[in-house]
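A.B. asks: Take a look at the following structure, please.
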There are 2 protein chains.
Amino acid sequence: MKIEECINYLLTQAQIKVNLLFKKNLSECGITPAQYILLYHLWGEDGLSPSQLAALSALDASTITGLLTRMEEKALVERRHSQDDRRGVNVFLMERGAKMQREIDGIIERSNAQALELFEEDEQQLLKNSLKRIAKI
Amino acid sequence: MKIEECINYLLTQAQIKVNLLFKKNLSECGITPAQYILLYHLWGEDGLSPSQLAALSALDASTITGLLTRMEEKALVERRHSQDDRRGVNVFLMERGAKMQREIDGIIERSNAQALELFEEDEQQLLKNSLKRIAKI
DNA sequence: TGATAATTATTTGTATGCAAAGTATAATGC
DNA sequence: GCATTATACTTTGCATACAAATAATTATCA
């Protein structure tokens with residue numbers, strides 16, 4: 001079959017391009033798209049564990065470890081050992097990570113509009129719904 | 001905005017999942033999805049240069065370098081210095097890389113069907129068209 | 001022709017991603 | 001209680017990706 005009909009090829013091409021756009025826009029405030037995902041979940045509930053973040057973001061736990069390490073180096077978040085279960089870790093927002101929420105939200109809104117500017121509202125919804133379905137494989 | 005409405009998030013989630021499926025299926029014959037893309041273009045025209053492969057696959061030239069190095073180690077392709085332009089390189093299929101075409105084509109067909117099994121034919125086309133459009137950013 | 005610019009590919013550095021192995025701690029079962 | 005399991009996280013190894021810097025070669029043009 002032609003590669004232009006291969007769903008993995010098309011998804012990868014689209015993801016690389018869109019992710020580059022988001023990465024460029026988010027670099028204004030020194031974070032990456034993947035780091036945004038963890039910040040987003042922590043804004044909703046501070047003190048989540050790495051495994052909870054892995055579940056919420058559908059990423060592997062070892063991926064979370066790396067992300068958190070780099071985010072700690074940038075003073076966005078802080079890891080604290082859990083009191084009740086010494087295996088556990090809780091991740092807390094630091095001041096920088098908490099304060100950036102509005103700025104980052106703006107960048108995300110803007111980036112979405114930019115990526116989808118050629119799509120009508122109903123086309124956007126169709127695309128998003130299809131992506132949600134295919135991600136449930 | 002909710003992260004479930006963020007196009008970069010949705011594209012990334014879908015791409016990771018679908019790519020894992022393709023990666024698992026392609027591992028039968030020892031290649032990866034990214035390596036498949038280069039093989040595909042070489043099946044169409046042997047002896048392409050790294051920059052041509054970069055243009056055809058919409059990947060950065062430095063990404064192609066790494067892919068080719070790993071593909072050479074597996075005796076899939078071979079780099080030869082260009083005769084007319086000593087800066088240039090031409091990439092040629094080796095026997096293993098050439099012979100695998102039919103097997104790999106089968107795996108790609110199967111993987112596509114698997115990834116899209118919950119989609120009607122017209123939904124598949126709509127999704128693919130949307131992905132093509134968004135990748136042109 | 002000889003310096004400067006452009007082109008081609010690679011190298012280096014950074015950031016994701018997963019899988020598999022390793023570590024520390026807690027839970028279970030005999 | 002103590003050995004076995006299970007859980008939570010990290011480490012290591014591999015494969016993509018891009019950006020920026022390098023190296024080698026070719027083209028331009030003054």
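Here's how to read the names in the structure tokens: chain A, B, ... by the order shown, residue numbers from 1 in each chain, ligand numbers from 1 in the order shown.
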With a cut-off of 8 Å and counting only C-alpha atoms (C1' of nucleotides), select all residues of chain C in contact with chain A and give the selection as a VMD selection string.

C.D. replies: chain C and resid 16 to 18 24 to 26

A.B. asks: Distance cut-off 10 Å, counting only C-alpha atoms (C1' of nucleotides) - which residues of chain D neighbour chain A? Return them as number ranges by chain.

C.D. replies: D: 7-11, 17-18

A.B. asks: Please produce a file of those selected residues containing C-alpha atoms (C1' of nucleotides), as an mmCIF file, in the first residue's frame.

C.D. replies:
```
data_model
loop_
_atom_site.group_PDB
_atom_site.id
_atom_site.type_symbol
_atom_site.label_atom_id
_atom_site.label_comp_id
_atom_site.auth_asym_id
_atom_site.auth_seq_id
_atom_site.Cartn_x
_atom_site.Cartn_y
_atom_site.Cartn_z
ATOM 1 C "C1'" DT D 7 4.217 -2.508 44.458
ATOM 2 C "C1'" DA D 8 6.525 2.083 43.446
ATOM 3 C "C1'" DC D 9 9.933 4.180 41.462
ATOM 4 C "C1'" DT D 10 14.390 4.485 39.124
ATOM 5 C "C1'" DT D 11 18.080 3.012 36.075
ATOM 6 C "C1'" DA D 17 13.414 13.621 16.663
ATOM 7 C "C1'" DC D 18 15.208 18.443 16.224
#
```

A.B. asks: Using only C-alpha atoms (C1' of nucleotides), which residues sit within 10 Å of C:DT28 once same-chain residues fewer than 4 positions away are excluded, as a short mmCIF file (atom, residue, chain, number, x, y, z; two decimals) with C-alpha atoms (C1' of nucleotides), in the first residue's frame?

C.D. replies:
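Listed below is the output, result-v7.cif:
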```
data_model
loop_
_atom_site.label_atom_id
_atom_site.label_comp_id
_atom_site.auth_asym_id
_atom_site.auth_seq_id
_atom_site.Cartn_x
_atom_site.Cartn_y
_atom_site.Cartn_z
"C1'" DT D 4 7.80 -15.00 48.93
"C1'" DT D 5 5.22 -11.62 46.25
"C1'" DA D 6 3.76 -7.44 44.97
#
```

A.B. asks: Can you work out which residues from chain A touch chain B at a cut-off of 7 Å (counting only C-alpha atoms) and hand them back as a list in words?

C.D. replies: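 Within 7 Å of chain B on chain A, we get Met1, Cys6, Ile7, Asn8, Leu10, Leu11, Thr12, Gln13, Ala14, Gln15, Lys17, Val18, Asn19, Asp105, Asn112, Ala115, Leu127, Lys128, Ser130, Leu131, Lys132, Ile134, Ala135 and Ile137 of chain A.
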
A.B. asks: Please provide the set of residues having any atom within 12 Å of C:DA3, restricted to only C-alpha atoms (C1' of nucleotides), with same-chain residues fewer than 6 positions apart removed, written as a list in words.

C.D. replies: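 The residues satisfying every condition are DT28, DC29 and DA30 of chain D.
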
A.B. asks: I'd like to know which residues of chain B are alpha helix (DSSP H) (by DSSP, run on the backbone); could you write them as a ChimeraX atom specification?

C.D. replies: /B:7-26,33-44,50-57,61-73,95-99,101-115,121-134

A.B. asks: So how many Å separate atom CA of B:Leu42 and atom CA of B:Leu68, to one decimal?

C.D. replies: 11.8 Å

A.B. asks: Write out as number ranges by chain all residues of chain A that backbone DSSP assigns to strand (DSSP E).

C.D. replies: A: 77-81, 89-93
